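Below: the structure, in structure tokens.
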Amino acid sequence: MLRRSPLCTNLLLLFSFSLISFSLRPTSALARRFVLVLSQDDLRDAGPNSPSGDTDASFSANGDTSEWDEFGDAESKSEEELDPGSWRPILETDSNSNTNTNTNFGSRSQEETLYFSGLSKMVAAVSSGDPTLMEEASSEIEEAANGGDPHARSILGFFYQMGMGRERNKAKAFLYHNFAAEGGNLQSKMALAHTYARQDMYDKAVQLYAELAEAAVNSFSISKDFPLLEPVRIHLGAEENKEALRKSKGEDDEDFQILEYQAQKGNAGAMYRVGIFHYYGLRGLRHDPAKALSWFLKAVERGEPRSMELLGEIYVRGTGVERNYTKALEWLKLASKQQLYSAYNGIGYLYVKGYGVEKKNYTKAKEFFEKAAENEDPGGYYNLGVLHLKGIGVKRDVKVACKYFIMAANAGQTKAFYQLAKMFHTGVGLKKNLPMATALYKLVAERGPWISLSRWALESYLKGDVGKALLLYTRMAELGYEVAQSNAAWILDKYGEHSLCMGESGFCTDAERHQRAHSLWWQASEQGNEHAALLIGDAYYYGRGTVKDYDRAAEAYMHAKSQSNAQAMFNLGCMHERGQGLPYDLHLAKRYYDQALEIDPAAKLPVKLALASLWIRKNYAGSFLVHFIDSLPEVYPRVEAWVEEVIMEEGNATILTLFVCLLTVLYLRERQRRHAGAAADVAMVQQPNE
């Protein structure tokens, strides 16, 4: 979606009396593939096989290498085990049960009962827009927190951080999150890690993110990397991301209905895809292992190899079925015979652990991992990296392990990012680099079980429950998810008072809502969201929700410009041209305009107009034309508001359209009448005289 630059629309008004707008293409909404590039300086000088010394000393805090064993347990754990205090019992009740969540607290302690009761009321309050119910929820959560419940303390920290039901207090938020983290609440650890990372306190952030990344890795698949589950960006620039939302409607999506119809008609590929959607909870569907298993079994009857591999995964983990390593091995071997090379990873895993086979056999495991790697499977690279790192069945060689991990990471293998993070963290194979370790750990940690918050938020938004969606995205924003920060800020700006934003006392005031949106946009901009940085700059430039501050506007545009954003470069050119927030410098202004055009050819018209403005300033300094150009930024918002509020108001727009149509009809009829009259006159002239 194209975006208008508020700074420079005055140039277009100067050269046209119609309301023309231009924009440059923002790239912040586009996903960037993470490619890890390391220099020779990043590599340690230690020999590949050094059995002692600094390399081994830093290999593990206790000198024990067992913690590096990525061939961990295959046991399938519930989200409640992986994410204590999960909101799932409230947000995802059993669809087959008529029992209300609020009544299922009998087996819990008094504090846990208060926590889940308060959580349930909090969600209901934002859905219905009931401030009184929100006060009850806050009271119950505070009582549970005072009783020592760590998960209630986590919510209380969230309230203080956002200023919900109480005055915003970052110090108290930090304190309660600390207490919650010590009690085992992983979401509070995410919030603390994000806080530390923002303040460049990497020594603290890296420790928390390391623990969170480990919890995330424990939920990953065994034989292959699972599909990338990322929060959906519900907007593109200032507009709703309709295409992404359409694809997230689950069973209501027309494409999914067609796919399911094809599966029901016997299409094996469609059966596999429907099974995948249910198994991983993709495209807006709920995670449903039973449905997935049913579709996979139907697909393998028709020889679908990918379903065979997933059945092997299911039987290894015991997801929805009784764990059976023998069956798992059978399915994985069948899949590998169909040239599904990723299945070799599952077979190799079973030989490493000695599951479903006579005994552990590292040599055979290595052979299977090599077969996968030879066919450029990321899992094969990763597993060979683990073997060389640990010296399992091969001579230990950290540099070779590092090479395999980089290949796997650049192919998108998440667990490889985890291993590289550990290497940067401990200084094994790579020079110790805490900022890099923190970034990589965070990348992995954000794919942990708490990412379910994003799915529930999206479901709520698609159902029109904006208040609930805002609450969930705001919670994720506190955990450090850039997409959630952007989504929550966009909802606040887009829906205004209809966002059902809860403030210190009841609904958010305009000031509270602007402040919260501003804070969220700023956090998103810190993580590379160019659109957020541009919005922050616009807010400071025009004083929208904050005090006018040209210096901070320039700082925000500089931040977006550092990410090669053409719109930001154009705006910086405008500020140099006018001497606002930046030194008055026409040469620098021209340089920024030229750079904007180099990056985005769509900027050709606005850049030409801007260069014309520079020419006028240079040759007619102090003239009426320059004063007129300078006055347009003050005039434009009033003209734009009049067009949007009067002309573009639905009723007026309809009347105006009908009026224009009527004038067009009258004009065409008059034109036809005149042509007919002219034709008659010509005919009379051409008649011979009698």
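By convention in this document, the chains of the structure tokens carry letters A, B, ... by their order, each chain's residues are numbered from 1, and ligands are numbered from 1 in the order they are shown.
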
Taking the DSSP secondary structure from the backbone, can you list the residues of segment 437-579 of chain A that are helix (DSSP H, G or I), as a CSV table (one decimal) with C-alpha atoms, in the first residue's frame?
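Listed below is the output, part.csv:
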```
chain,number,residue,atom,x,y,z
A,437,ALA,CA,24.0,-14.3,21.1
A,438,THR,CA,21.1,-12.2,22.5
A,439,ALA,CA,19.7,-11.6,19.1
A,440,LEU,CA,19.9,-15.2,18.0
A,441,TYR,CA,18.4,-16.5,21.3
A,442,LYS,CA,15.6,-14.0,20.9
A,443,LEU,CA,14.9,-15.2,17.4
A,444,VAL,CA,14.5,-18.8,18.7
A,445,ALA,CA,12.7,-17.8,22.0
A,449,PRO,CA,4.7,-21.9,23.0
A,450,TRP,CA,3.8,-18.3,24.1
A,451,ILE,CA,3.5,-17.4,20.4
A,452,SER,CA,-0.1,-18.9,20.7
A,453,LEU,CA,-1.0,-15.5,22.0
A,454,SER,CA,-0.7,-14.2,18.4
A,455,ARG,CA,-3.1,-16.8,17.1
A,456,TRP,CA,-5.7,-16.0,19.7
A,457,ALA,CA,-5.3,-12.3,19.0
A,458,LEU,CA,-5.8,-12.8,15.3
A,459,GLU,CA,-8.8,-15.0,15.9
A,460,SER,CA,-10.3,-12.3,18.0
A,461,TYR,CA,-9.6,-9.6,15.4
A,462,LEU,CA,-11.2,-11.6,12.6
A,466,VAL,CA,-11.1,-5.6,18.7
A,467,GLY,CA,-10.8,-5.1,22.5
A,468,LYS,CA,-9.6,-8.7,23.1
A,469,ALA,CA,-7.2,-8.6,20.1
A,470,LEU,CA,-5.7,-5.4,21.5
A,471,LEU,CA,-5.2,-6.9,24.9
A,472,LEU,CA,-3.4,-10.0,23.5
A,473,TYR,CA,-1.3,-8.0,21.1
A,474,THR,CA,-0.3,-5.6,23.9
A,475,ARG,CA,0.7,-8.5,26.1
A,476,MET,CA,2.9,-9.9,23.2
A,477,ALA,CA,4.3,-6.4,22.7
A,478,GLU,CA,5.5,-6.4,26.3
A,479,LEU,CA,7.3,-9.7,25.5
A,482,GLU,CA,7.8,-6.4,17.0
A,483,VAL,CA,4.8,-7.5,14.9
A,484,ALA,CA,2.6,-7.4,18.0
A,485,GLN,CA,3.9,-3.9,19.0
A,486,SER,CA,3.0,-2.7,15.5
A,487,ASN,CA,-0.4,-4.4,15.4
A,488,ALA,CA,-1.4,-3.1,18.9
A,489,ALA,CA,-0.3,0.5,17.9
A,490,TRP,CA,-2.2,0.3,14.6
A,491,ILE,CA,-5.4,-0.8,16.4
A,492,LEU,CA,-5.1,2.1,18.8
A,493,ASP,CA,-4.7,4.6,16.0
A,494,LYS,CA,-7.2,3.0,13.6
A,495,TYR,CA,-10.1,2.3,16.0
A,496,GLY,CA,-9.5,5.1,18.5
A,497,GLU,CA,-12.0,5.0,21.3
A,498,HIS,CA,-13.6,1.9,19.7
A,499,SER,CA,-10.4,-0.1,20.4
A,510,ASP,CA,-7.2,10.3,24.3
A,511,ALA,CA,-3.9,11.2,25.9
A,512,GLU,CA,-3.5,7.7,27.3
A,513,ARG,CA,-4.3,6.1,24.0
A,514,HIS,CA,-1.9,8.4,22.1
A,515,GLN,CA,0.8,7.8,24.6
A,516,ARG,CA,0.4,4.0,24.5
A,517,ALA,CA,0.4,4.0,20.7
A,518,HIS,CA,3.4,6.3,20.6
A,519,SER,CA,5.3,4.0,22.9
A,520,LEU,CA,4.4,0.9,20.9
A,521,TRP,CA,5.4,2.4,17.6
A,522,TRP,CA,8.7,3.6,19.1
A,523,GLN,CA,9.5,0.1,20.3
A,524,ALA,CA,8.6,-1.4,16.9
A,525,SER,CA,10.9,1.2,15.2
A,526,GLU,CA,13.7,0.1,17.5
A,530,GLU,CA,10.4,1.5,9.1
A,531,HIS,CA,6.7,2.4,9.0
A,532,ALA,CA,6.7,2.8,12.8
A,533,ALA,CA,9.7,5.1,12.6
A,534,LEU,CA,8.0,7.2,10.0
A,535,LEU,CA,4.8,7.4,12.0
A,536,ILE,CA,6.9,8.5,15.1
A,537,GLY,CA,8.5,11.2,12.9
A,538,ASP,CA,5.2,12.4,11.7
A,539,ALA,CA,3.8,12.5,15.2
A,540,TYR,CA,6.7,14.7,16.4
A,541,TYR,CA,6.6,16.9,13.3
A,542,TYR,CA,2.9,17.7,13.5
A,550,TYR,CA,11.4,18.8,15.0
A,551,ASP,CA,14.7,17.4,16.5
A,552,ARG,CA,13.0,14.1,17.6
A,553,ALA,CA,11.1,14.0,14.3
A,554,ALA,CA,14.5,14.2,12.5
A,555,GLU,CA,15.9,11.5,14.8
A,556,ALA,CA,13.0,9.1,13.9
A,557,TYR,CA,13.4,9.8,10.2
A,558,MET,CA,17.1,9.1,10.5
A,559,HIS,CA,16.3,5.8,12.1
A,560,ALA,CA,14.1,4.8,9.2
A,561,LYS,CA,16.7,6.2,6.7
A,566,ALA,CA,13.1,6.2,0.6
A,567,GLN,CA,10.3,7.9,2.3
A,568,ALA,CA,12.5,8.8,5.3
A,569,MET,CA,15.2,10.2,3.0
A,570,PHE,CA,12.6,12.3,1.2
A,571,ASN,CA,11.3,13.7,4.5
A,572,LEU,CA,14.9,14.5,5.7
A,573,GLY,CA,15.4,16.4,2.5
A,574,CYS,CA,12.3,18.4,3.3
A,575,MET,CA,13.6,19.2,6.8
A,576,HIS,CA,17.0,20.3,5.4
A,577,GLU,CA,15.2,22.4,2.8
A,578,ARG,CA,13.2,24.2,5.5
```

Need the shell around Tyr349 of chain A: protein/DNA/RNA residues with any atom at most 9 Å away, counting only C-alpha atoms. Skip same-chain ones fewer than 2 positions apart. Format as a ChimeraX atom specification? /A:71,222-223,344-347,351-355,365,369,383

So, with only C-alpha atoms as the atoms that count, which of A:Gly157, A:Gly303, A:Gly506, A:Gly543 lies closest to Asn267 of chain A?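 Nearest candidate to Asn267 of chain A out of A:Gly157, A:Gly303, A:Gly506, A:Gly543: A:Gly303.
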
Nearest residue to Leu500 of chain A out of A:Ala373, A:Ala145, A:Ala152, A:Met164, using only C-alpha atoms? A:Met164

So, counting only C-alpha atoms, which residue among A:Lys337, A:His287, A:Arg396, A:Lys249 is closest to Thr319 of chain A?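 Looking at the shortest contact to Thr319 of chain A, the residue is A:His287.
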
What is the atom CA of Gly183 of chain A-atom CA of His151 of chain A distance in Å, reported with one decimal? 8.1 Å

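In terms of minimum interatomic distance to Ser127 of chain A, A:Cys501 ranks closest within A:Ala268, A:Cys501, A:Lys590, A:Leu614, counting only C-alpha atoms.
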
Measure the distance from atom CA of Leu334 of chain A to atom CA of Pro305 of chain A in Å and round it to one decimal. 7.4 Å

Can you tell me, as a list in words, what residues are no more than 8 Å from His177 of chain A when counting only C-alpha atoms, ignoring any on the same chain fewer than 2 positions away?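 Near neighbours after the sequence-gap exclusion: Arg153, Ser154, Gly157, Ala173, Phe174, Leu175, Phe179, Ala180, Ala181, Ser188, Lys189, Ala191 and Leu192 of chain A.
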
Residues of the last selection are to be written out with C-alpha atoms, as a short mmCIF file (atom, residue, chain, number, x, y, z; two decimals), in the first residue's frame.
```
data_model
loop_
_atom_site.label_atom_id
_atom_site.label_comp_id
_atom_site.auth_asym_id
_atom_site.auth_seq_id
_atom_site.Cartn_x
_atom_site.Cartn_y
_atom_site.Cartn_z
CA ARG A 153 2.37 -11.31 39.57
CA SER A 154 3.19 -11.48 35.88
CA GLY A 157 3.52 -6.41 36.09
CA ALA A 173 6.22 -3.49 36.55
CA PHE A 174 9.87 -4.53 36.62
CA LEU A 175 9.60 -5.61 40.26
CA PHE A 179 9.05 -11.92 41.29
CA ALA A 180 7.05 -13.78 38.62
CA ALA A 181 10.21 -14.89 36.78
CA SER A 188 7.75 -12.53 32.61
CA LYS A 189 11.23 -13.75 31.72
CA ALA A 191 9.40 -9.29 29.29
CA LEU A 192 12.51 -8.87 31.44
#
```

Using only C-alpha atoms, which protein or nucleic acid residues come within 7 Å of Gly163 of chain A? Drop anything in the same chain fewer than 4 positions from it, and give the result as a PDB file with N, CA, C and O atoms, in the first residue's frame.
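Below is the file result.pdb, written as the result:
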```
ATOM      1  N   PHE A 159      -0.021  -4.979  33.986  1.00  0.00           N
ATOM      2  CA  PHE A 159      -0.903  -3.847  34.280  1.00  0.00           C
ATOM      3  C   PHE A 159      -0.097  -2.576  34.555  1.00  0.00           C
ATOM      4  O   PHE A 159      -0.413  -1.496  34.047  1.00  0.00           O
ATOM      5  N   GLU A 167      -2.008   3.430  37.919  1.00  0.00           N
ATOM      6  CA  GLU A 167      -1.088   4.383  37.308  1.00  0.00           C
ATOM      7  C   GLU A 167       0.109   3.643  36.716  1.00  0.00           C
ATOM      8  O   GLU A 167       0.636   2.708  37.319  1.00  0.00           O
ATOM      9  N   ARG A 168       0.518   4.070  35.537  1.00  0.00           N
ATOM     10  CA  ARG A 168       1.657   3.432  34.876  1.00  0.00           C
ATOM     11  C   ARG A 168       2.914   3.634  35.715  1.00  0.00           C
ATOM     12  O   ARG A 168       3.240   4.755  36.107  1.00  0.00           O
ATOM     13  N   GLY A 503      -7.520   2.040  30.436  1.00  0.00           N
ATOM     14  CA  GLY A 503      -6.498   2.908  30.995  1.00  0.00           C
ATOM     15  C   GLY A 503      -6.429   2.830  32.504  1.00  0.00           C
ATOM     16  O   GLY A 503      -6.820   1.825  33.111  1.00  0.00           O
ATOM     17  N   GLU A 504      -5.932   3.879  33.139  1.00  0.00           N
ATOM     18  CA  GLU A 504      -5.767   3.890  34.592  1.00  0.00           C
ATOM     19  C   GLU A 504      -7.097   3.734  35.315  1.00  0.00           C
ATOM     20  O   GLU A 504      -7.196   3.047  36.333  1.00  0.00           O
TER      21      GLU A 504
END
```

I'd like the neighbourhood of Met308 of chain A as a PyMOL selection string, where a residue qualifies if any of its atoms comes within 6 Å (using only C-alpha atoms), though same-chain residues fewer than 2 positions away should be ignored. chain A and resi 305-306+310-311+331+335

Counting only C-alpha atoms, the option among A:Trp615, A:Tyr584, A:Tyr481, A:Phe116 closest to Leu91 of chain A: A:Phe116

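Taking atom CA of Asn169 of chain A and atom CA of Ile155 of chain A as endpoints, the distance between them is 13.7 Å.
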
Contact residues around His425 of chain A with only C-alpha atoms at 7 Å, ignoring same-chain residues under 4 positions, as number ranges by chain: A: 421, 432-434, 437

Output of the above residues as a CSV table (one decimal), in the first residue's frame, restricted to C-alpha atoms:
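File written: again08.csv
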```
chain,number,residue,atom,x,y,z
A,421,ALA,CA,23.7,-18.5,19.9
A,432,LYS,CA,32.2,-14.5,22.5
A,433,ASN,CA,29.6,-11.9,21.3
A,434,LEU,CA,26.8,-11.3,23.8
A,437,ALA,CA,24.0,-14.3,21.1
```
